[in-house]
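> Got a structure for you, questions after.
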Amino acid sequence: MRNYEIIFIVRPDVADEDVQKLITQMESVVGSAGGKVEKVEKMGRRRLAYRVHKQREGFYVLFYVQGGGDTIREFERRLKVTDTVVKYLTVNTDEILQRAAKFKALRVKQEAKRRRSKPAPPPPAAPPLPAETAPA
């Protein structure tokens, strides 16, 4: 199973209850296709960079999904036929996560190497003892 991020934009004139119904419907699509929804983020209403279907704003929803190609194809197909969805984008995050883990391991290795190569700082010098004066 692969990891995907799917973001879609819902028209701004759609009620919050309808957006929630759409999210629930898409979660059930993923579940019935054999995938798993890891997380859903409702990012809220935002301004679009350019007009899309005569819309200047949209309600953004981000899904983190685990599944196969069939799961994602069905999810995208449902998004295409849903009139309230203005745009969507699917990104496979497996390579990104692997690259991030690789860089993290490299940073840890370099930090350990730096610690070993640095000599230990010298212990602090003891303050000099006051000179004893001889009795006169």
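Identifiers for the structure tokens are assigned positionally: chains receive A, B, ... in sequence, residues are indexed from 1 per chain, and ligands are indexed from 1 in the order shown.
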Could you pull out the alpha helix (DSSP H) residues of chain A from DSSP and send them as a ChimeraX atom specification?
/A:16-32,69-81,94-117
> Can you pull out every residue within 12 Å of region 77-94 of chain A, counting only C-alpha atoms, but drop anything in the same chain fewer than 6 positions away, and send it as a PDB file with N, CA and C atoms, in the first residue's frame?

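File written: around14.pdb
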```pdb
ATOM      1  N   MET A   1       0.835  -1.180   0.000  1.00  0.00           N
ATOM      2  CA  MET A   1       0.000   0.000   0.000  1.00  0.00           C
ATOM      3  C   MET A   1       0.883   1.248   0.000  1.00  0.00           C
ATOM      4  N   ARG A   2       0.466   2.223  -0.751  1.00  0.00           N
ATOM      5  CA  ARG A   2       1.221   3.463  -0.868  1.00  0.00           C
ATOM      6  C   ARG A   2       0.522   4.590  -0.119  1.00  0.00           C
ATOM      7  N   ASN A   3       1.288   5.622   0.154  1.00  0.00           N
ATOM      8  CA  ASN A   3       0.757   6.797   0.840  1.00  0.00           C
ATOM      9  C   ASN A   3       0.474   7.898  -0.174  1.00  0.00           C
ATOM     10  N   TYR A   4      -0.679   8.535  -0.039  1.00  0.00           N
ATOM     11  CA  TYR A   4      -1.074   9.609  -0.937  1.00  0.00           C
ATOM     12  C   TYR A   4      -1.622  10.776  -0.137  1.00  0.00           C
ATOM     13  N   GLU A   5      -1.458  11.967  -0.705  1.00  0.00           N
ATOM     14  CA  GLU A   5      -2.133  13.156  -0.219  1.00  0.00           C
ATOM     15  C   GLU A   5      -3.082  13.585  -1.325  1.00  0.00           C
ATOM     16  N   ILE A   6      -4.337  13.753  -0.990  1.00  0.00           N
ATOM     17  CA  ILE A   6      -5.325  14.189  -1.965  1.00  0.00           C
ATOM     18  C   ILE A   6      -5.957  15.470  -1.426  1.00  0.00           C
ATOM     19  N   ILE A   7      -5.839  16.527  -2.193  1.00  0.00           N
ATOM     20  CA  ILE A   7      -6.456  17.794  -1.799  1.00  0.00           C
ATOM     21  C   ILE A   7      -7.495  18.140  -2.845  1.00  0.00           C
ATOM     22  N   PHE A   8      -8.658  18.584  -2.380  1.00  0.00           N
ATOM     23  CA  PHE A   8      -9.666  19.036  -3.328  1.00  0.00           C
ATOM     24  C   PHE A   8     -10.324  20.302  -2.809  1.00  0.00           C
ATOM     25  N   ILE A   9     -10.868  21.065  -3.760  1.00  0.00           N
ATOM     26  CA  ILE A   9     -11.476  22.353  -3.457  1.00  0.00           C
ATOM     27  C   ILE A   9     -12.963  22.262  -3.744  1.00  0.00           C
ATOM     28  N   VAL A  10     -13.761  22.639  -2.751  1.00  0.00           N
ATOM     29  CA  VAL A  10     -15.217  22.612  -2.871  1.00  0.00           C
ATOM     30  C   VAL A  10     -15.693  24.053  -3.091  1.00  0.00           C
ATOM     31  N   ARG A  11     -16.731  24.207  -3.895  1.00  0.00           N
ATOM     32  CA  ARG A  11     -17.286  25.540  -4.157  1.00  0.00           C
ATOM     33  C   ARG A  11     -17.620  26.239  -2.840  1.00  0.00           C
ATOM     34  N   PRO A  12     -17.449  27.561  -2.772  1.00  0.00           N
ATOM     35  CA  PRO A  12     -17.676  28.275  -1.507  1.00  0.00           C
ATOM     36  C   PRO A  12     -19.148  28.406  -1.127  1.00  0.00           C
ATOM     37  N   ASP A  13     -20.072  28.245  -2.075  1.00  0.00           N
ATOM     38  CA  ASP A  13     -21.488  28.403  -1.753  1.00  0.00           C
ATOM     39  C   ASP A  13     -22.115  27.132  -1.175  1.00  0.00           C
ATOM     40  N   VAL A  14     -21.326  26.089  -1.003  1.00  0.00           N
ATOM     41  CA  VAL A  14     -21.819  24.827  -0.451  1.00  0.00           C
ATOM     42  C   VAL A  14     -21.847  24.939   1.077  1.00  0.00           C
ATOM     43  N   ALA A  15     -22.930  24.467   1.681  1.00  0.00           N
ATOM     44  CA  ALA A  15     -23.087  24.532   3.138  1.00  0.00           C
ATOM     45  C   ALA A  15     -22.089  23.603   3.827  1.00  0.00           C
ATOM     46  N   ASP A  18     -23.031  19.975   3.916  1.00  0.00           N
ATOM     47  CA  ASP A  18     -22.802  19.262   2.658  1.00  0.00           C
ATOM     48  C   ASP A  18     -21.330  18.919   2.465  1.00  0.00           C
ATOM     49  N   VAL A  19     -20.454  19.804   2.929  1.00  0.00           N
ATOM     50  CA  VAL A  19     -19.016  19.507   2.858  1.00  0.00           C
ATOM     51  C   VAL A  19     -18.710  18.303   3.745  1.00  0.00           C
ATOM     52  N   LYS A  21     -20.778  15.921   4.564  1.00  0.00           N
ATOM     53  CA  LYS A  21     -21.328  14.735   3.888  1.00  0.00           C
ATOM     54  C   LYS A  21     -20.382  14.246   2.800  1.00  0.00           C
ATOM     55  N   LEU A  22     -19.799  15.190   2.049  1.00  0.00           N
ATOM     56  CA  LEU A  22     -18.853  14.824   0.990  1.00  0.00           C
ATOM     57  C   LEU A  22     -17.624  14.149   1.582  1.00  0.00           C
ATOM     58  N   ILE A  23     -17.119  14.675   2.690  1.00  0.00           N
ATOM     59  CA  ILE A  23     -15.953  14.076   3.348  1.00  0.00           C
ATOM     60  C   ILE A  23     -16.286  12.660   3.821  1.00  0.00           C
ATOM     61  N   GLN A  25     -18.571  10.686   2.627  1.00  0.00           N
ATOM     62  CA  GLN A  25     -18.744   9.859   1.429  1.00  0.00           C
ATOM     63  C   GLN A  25     -17.386   9.419   0.884  1.00  0.00           C
ATOM     64  N   MET A  26     -16.421  10.342   0.840  1.00  0.00           N
ATOM     65  CA  MET A  26     -15.098  10.000   0.314  1.00  0.00           C
ATOM     66  C   MET A  26     -14.358   9.045   1.248  1.00  0.00           C
ATOM     67  N   GLU A  27     -14.556   9.192   2.554  1.00  0.00           N
ATOM     68  CA  GLU A  27     -13.958   8.235   3.487  1.00  0.00           C
ATOM     69  C   GLU A  27     -14.513   6.834   3.252  1.00  0.00           C
ATOM     70  N   SER A  28     -15.818   6.744   2.985  1.00  0.00           N
ATOM     71  CA  SER A  28     -16.416   5.431   2.731  1.00  0.00           C
ATOM     72  C   SER A  28     -15.942   4.857   1.403  1.00  0.00           C
ATOM     73  N   VAL A  29     -15.666   5.715   0.421  1.00  0.00           N
ATOM     74  CA  VAL A  29     -15.138   5.247  -0.868  1.00  0.00           C
ATOM     75  C   VAL A  29     -13.776   4.597  -0.658  1.00  0.00           C
ATOM     76  N   VAL A  30     -12.931   5.249   0.124  1.00  0.00           N
ATOM     77  CA  VAL A  30     -11.595   4.703   0.391  1.00  0.00           C
ATOM     78  C   VAL A  30     -11.706   3.385   1.150  1.00  0.00           C
ATOM     79  N   LEU A  48      -8.564  31.616  -4.068  1.00  0.00           N
ATOM     80  CA  LEU A  48      -7.839  30.899  -5.117  1.00  0.00           C
ATOM     81  C   LEU A  48      -6.852  31.837  -5.798  1.00  0.00           C
ATOM     82  N   TYR A  50      -6.279  31.913  -8.967  1.00  0.00           N
ATOM     83  CA  TYR A  50      -6.908  32.342 -10.217  1.00  0.00           C
ATOM     84  C   TYR A  50      -8.323  31.785 -10.257  1.00  0.00           C
ATOM     85  N   ARG A  51      -9.146  32.326 -11.121  1.00  0.00           N
ATOM     86  CA  ARG A  51     -10.533  31.869 -11.216  1.00  0.00           C
ATOM     87  C   ARG A  51     -10.597  30.438 -11.737  1.00  0.00           C
ATOM     88  N   VAL A  52     -11.433  29.659 -11.102  1.00  0.00           N
ATOM     89  CA  VAL A  52     -11.692  28.292 -11.536  1.00  0.00           C
ATOM     90  C   VAL A  52     -13.201  28.129 -11.593  1.00  0.00           C
ATOM     91  N   HIS A  53     -13.731  27.873 -12.775  1.00  0.00           N
ATOM     92  CA  HIS A  53     -15.180  27.747 -12.972  1.00  0.00           C
ATOM     93  C   HIS A  53     -15.930  28.939 -12.376  1.00  0.00           C
ATOM     94  N   LYS A  54     -15.428  30.143 -12.655  1.00  0.00           N
ATOM     95  CA  LYS A  54     -16.011  31.412 -12.211  1.00  0.00           C
ATOM     96  C   LYS A  54     -16.012  31.569 -10.691  1.00  0.00           C
ATOM     97  N   GLN A  55     -15.164  30.846 -10.001  1.00  0.00           N
ATOM     98  CA  GLN A  55     -15.071  30.927  -8.541  1.00  0.00           C
ATOM     99  C   GLN A  55     -13.752  31.585  -8.158  1.00  0.00           C
ATOM    100  N   ARG A  56     -13.783  32.450  -7.161  1.00  0.00           N
ATOM    101  CA  ARG A  56     -12.568  33.097  -6.660  1.00  0.00           C
ATOM    102  C   ARG A  56     -12.140  32.521  -5.302  1.00  0.00           C
ATOM    103  N   GLU A  57     -13.035  31.827  -4.622  1.00  0.00           N
ATOM    104  CA  GLU A  57     -12.744  31.218  -3.330  1.00  0.00           C
ATOM    105  C   GLU A  57     -13.138  29.747  -3.366  1.00  0.00           C
ATOM    106  N   GLY A  58     -12.640  29.015  -2.388  1.00  0.00           N
ATOM    107  CA  GLY A  58     -13.007  27.617  -2.273  1.00  0.00           C
ATOM    108  C   GLY A  58     -12.728  27.091  -0.881  1.00  0.00           C
ATOM    109  N   PHE A  59     -13.364  25.989  -0.545  1.00  0.00           N
ATOM    110  CA  PHE A  59     -13.167  25.320   0.734  1.00  0.00           C
ATOM    111  C   PHE A  59     -12.208  24.155   0.489  1.00  0.00           C
ATOM    112  N   TYR A  60     -11.038  24.198   1.120  1.00  0.00           N
ATOM    113  CA  TYR A  60      -9.991  23.194   0.889  1.00  0.00           C
ATOM    114  C   TYR A  60     -10.141  22.030   1.873  1.00  0.00           C
ATOM    115  N   VAL A  61      -9.988  20.812   1.348  1.00  0.00           N
ATOM    116  CA  VAL A  61     -10.019  19.598   2.165  1.00  0.00           C
ATOM    117  C   VAL A  61      -8.821  18.742   1.767  1.00  0.00           C
ATOM    118  N   LEU A  62      -8.064  18.276   2.756  1.00  0.00           N
ATOM    119  CA  LEU A  62      -6.869  17.473   2.513  1.00  0.00           C
ATOM    120  C   LEU A  62      -7.038  16.099   3.143  1.00  0.00           C
ATOM    121  N   PHE A  63      -6.863  15.066   2.332  1.00  0.00           N
ATOM    122  CA  PHE A  63      -6.931  13.673   2.790  1.00  0.00           C
ATOM    123  C   PHE A  63      -5.536  13.069   2.759  1.00  0.00           C
ATOM    124  N   TYR A  64      -5.173  12.340   3.808  1.00  0.00           N
ATOM    125  CA  TYR A  64      -3.986  11.494   3.813  1.00  0.00           C
ATOM    126  C   TYR A  64      -4.505  10.072   3.718  1.00  0.00           C
ATOM    127  N   VAL A  65      -4.168   9.382   2.624  1.00  0.00           N
ATOM    128  CA  VAL A  65      -4.759   8.078   2.327  1.00  0.00           C
ATOM    129  C   VAL A  65      -3.661   7.052   2.105  1.00  0.00           C
ATOM    130  N   GLN A  66      -3.915   5.835   2.568  1.00  0.00           N
ATOM    131  CA  GLN A  66      -3.077   4.680   2.266  1.00  0.00           C
ATOM    132  C   GLN A  66      -3.898   3.749   1.404  1.00  0.00           C
ATOM    133  N   GLY A  67      -3.343   3.341   0.268  1.00  0.00           N
ATOM    134  CA  GLY A  67      -4.101   2.450  -0.584  1.00  0.00           C
ATOM    135  C   GLY A  67      -3.367   2.150  -1.873  1.00  0.00           C
ATOM    136  N   GLY A  68      -4.039   1.394  -2.713  1.00  0.00           N
ATOM    137  CA  GLY A  68      -3.472   1.033  -3.996  1.00  0.00           C
ATOM    138  C   GLY A  68      -3.974   1.942  -5.104  1.00  0.00           C
ATOM    139  N   GLY A  69      -3.568   1.626  -6.320  1.00  0.00           N
ATOM    140  CA  GLY A  69      -3.963   2.425  -7.468  1.00  0.00           C
ATOM    141  C   GLY A  69      -5.460   2.425  -7.711  1.00  0.00           C
ATOM    142  N   ASP A  70      -6.109   1.289  -7.471  1.00  0.00           N
ATOM    143  CA  ASP A  70      -7.556   1.205  -7.682  1.00  0.00           C
ATOM    144  C   ASP A  70      -8.309   2.113  -6.712  1.00  0.00           C
ATOM    145  N   THR A  71      -7.828   2.194  -5.498  1.00  0.00           N
ATOM    146  CA  THR A  71      -8.453   3.051  -4.496  1.00  0.00           C
ATOM    147  C   THR A  71      -8.407   4.508  -4.946  1.00  0.00           C
ATOM    148  N   ALA A 100      13.031  12.010   3.095  1.00  0.00           N
ATOM    149  CA  ALA A 100      13.120  12.713   4.378  1.00  0.00           C
ATOM    150  C   ALA A 100      13.756  11.817   5.443  1.00  0.00           C
ATOM    151  N   ALA A 101      13.392  10.542   5.457  1.00  0.00           N
ATOM    152  CA  ALA A 101      13.985   9.603   6.426  1.00  0.00           C
ATOM    153  C   ALA A 101      15.478   9.428   6.161  1.00  0.00           C
TER     154      ALA A 101
END
```
> If you run DSSP on this backbone, which residues of chain A come out as strand (DSSP E or B), and could you give them as an MDAnalysis selection string?
chainID A and resid 2:10 36:52 55:67 85:92
> Go ahead and save the residues from that selection, with C-alpha atoms, as a PDB file, in the first residue's frame.

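As written to disk, selection_8.pdb reads:
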```pdb
ATOM      1  CA  ARG A   2       1.221   3.463  -0.868  1.00  0.00           C
ATOM      2  CA  ASN A   3       0.757   6.797   0.840  1.00  0.00           C
ATOM      3  CA  TYR A   4      -1.074   9.609  -0.937  1.00  0.00           C
ATOM      4  CA  GLU A   5      -2.133  13.156  -0.219  1.00  0.00           C
ATOM      5  CA  ILE A   6      -5.325  14.189  -1.965  1.00  0.00           C
ATOM      6  CA  ILE A   7      -6.456  17.794  -1.799  1.00  0.00           C
ATOM      7  CA  PHE A   8      -9.666  19.036  -3.328  1.00  0.00           C
ATOM      8  CA  ILE A   9     -11.476  22.353  -3.457  1.00  0.00           C
ATOM      9  CA  VAL A  10     -15.217  22.612  -2.871  1.00  0.00           C
ATOM     10  CA  LYS A  36      -7.291   3.493   4.770  1.00  0.00           C
ATOM     11  CA  VAL A  37      -7.829   7.168   5.578  1.00  0.00           C
ATOM     12  CA  GLU A  38      -5.042   8.225   7.929  1.00  0.00           C
ATOM     13  CA  LYS A  39      -6.112  11.814   8.447  1.00  0.00           C
ATOM     14  CA  VAL A  40      -8.540  14.437   7.104  1.00  0.00           C
ATOM     15  CA  GLU A  41      -7.801  18.141   7.408  1.00  0.00           C
ATOM     16  CA  LYS A  42     -10.447  20.720   6.694  1.00  0.00           C
ATOM     17  CA  MET A  43      -8.275  23.678   5.752  1.00  0.00           C
ATOM     18  CA  GLY A  44     -11.181  26.073   5.460  1.00  0.00           C
ATOM     19  CA  ARG A  45     -12.187  28.742   3.003  1.00  0.00           C
ATOM     20  CA  ARG A  46      -9.340  30.335   1.070  1.00  0.00           C
ATOM     21  CA  ARG A  47      -8.882  32.606  -1.880  1.00  0.00           C
ATOM     22  CA  LEU A  48      -7.839  30.899  -5.117  1.00  0.00           C
ATOM     23  CA  ALA A  49      -4.802  32.089  -7.046  1.00  0.00           C
ATOM     24  CA  TYR A  50      -6.908  32.342 -10.217  1.00  0.00           C
ATOM     25  CA  ARG A  51     -10.533  31.869 -11.216  1.00  0.00           C
ATOM     26  CA  VAL A  52     -11.692  28.292 -11.536  1.00  0.00           C
ATOM     27  CA  GLN A  55     -15.071  30.927  -8.541  1.00  0.00           C
ATOM     28  CA  ARG A  56     -12.568  33.097  -6.660  1.00  0.00           C
ATOM     29  CA  GLU A  57     -12.744  31.218  -3.330  1.00  0.00           C
ATOM     30  CA  GLY A  58     -13.007  27.617  -2.273  1.00  0.00           C
ATOM     31  CA  PHE A  59     -13.167  25.320   0.734  1.00  0.00           C
ATOM     32  CA  TYR A  60      -9.991  23.194   0.889  1.00  0.00           C
ATOM     33  CA  VAL A  61     -10.019  19.598   2.165  1.00  0.00           C
ATOM     34  CA  LEU A  62      -6.869  17.473   2.513  1.00  0.00           C
ATOM     35  CA  PHE A  63      -6.931  13.673   2.790  1.00  0.00           C
ATOM     36  CA  TYR A  64      -3.986  11.494   3.813  1.00  0.00           C
ATOM     37  CA  VAL A  65      -4.759   8.078   2.327  1.00  0.00           C
ATOM     38  CA  GLN A  66      -3.077   4.680   2.266  1.00  0.00           C
ATOM     39  CA  GLY A  67      -4.101   2.450  -0.584  1.00  0.00           C
ATOM     40  CA  VAL A  85     -15.736  19.878  -6.343  1.00  0.00           C
ATOM     41  CA  VAL A  86     -13.934  22.555  -8.354  1.00  0.00           C
ATOM     42  CA  LYS A  87     -10.431  21.038  -8.509  1.00  0.00           C
ATOM     43  CA  TYR A  88      -8.395  18.209  -7.009  1.00  0.00           C
ATOM     44  CA  LEU A  89      -4.789  17.043  -6.876  1.00  0.00           C
ATOM     45  CA  THR A  90      -3.310  13.684  -5.850  1.00  0.00           C
ATOM     46  CA  VAL A  91       0.327  13.292  -4.804  1.00  0.00           C
ATOM     47  CA  ASN A  92       2.173  10.053  -4.039  1.00  0.00           C
TER      48      ASN A  92
END
```
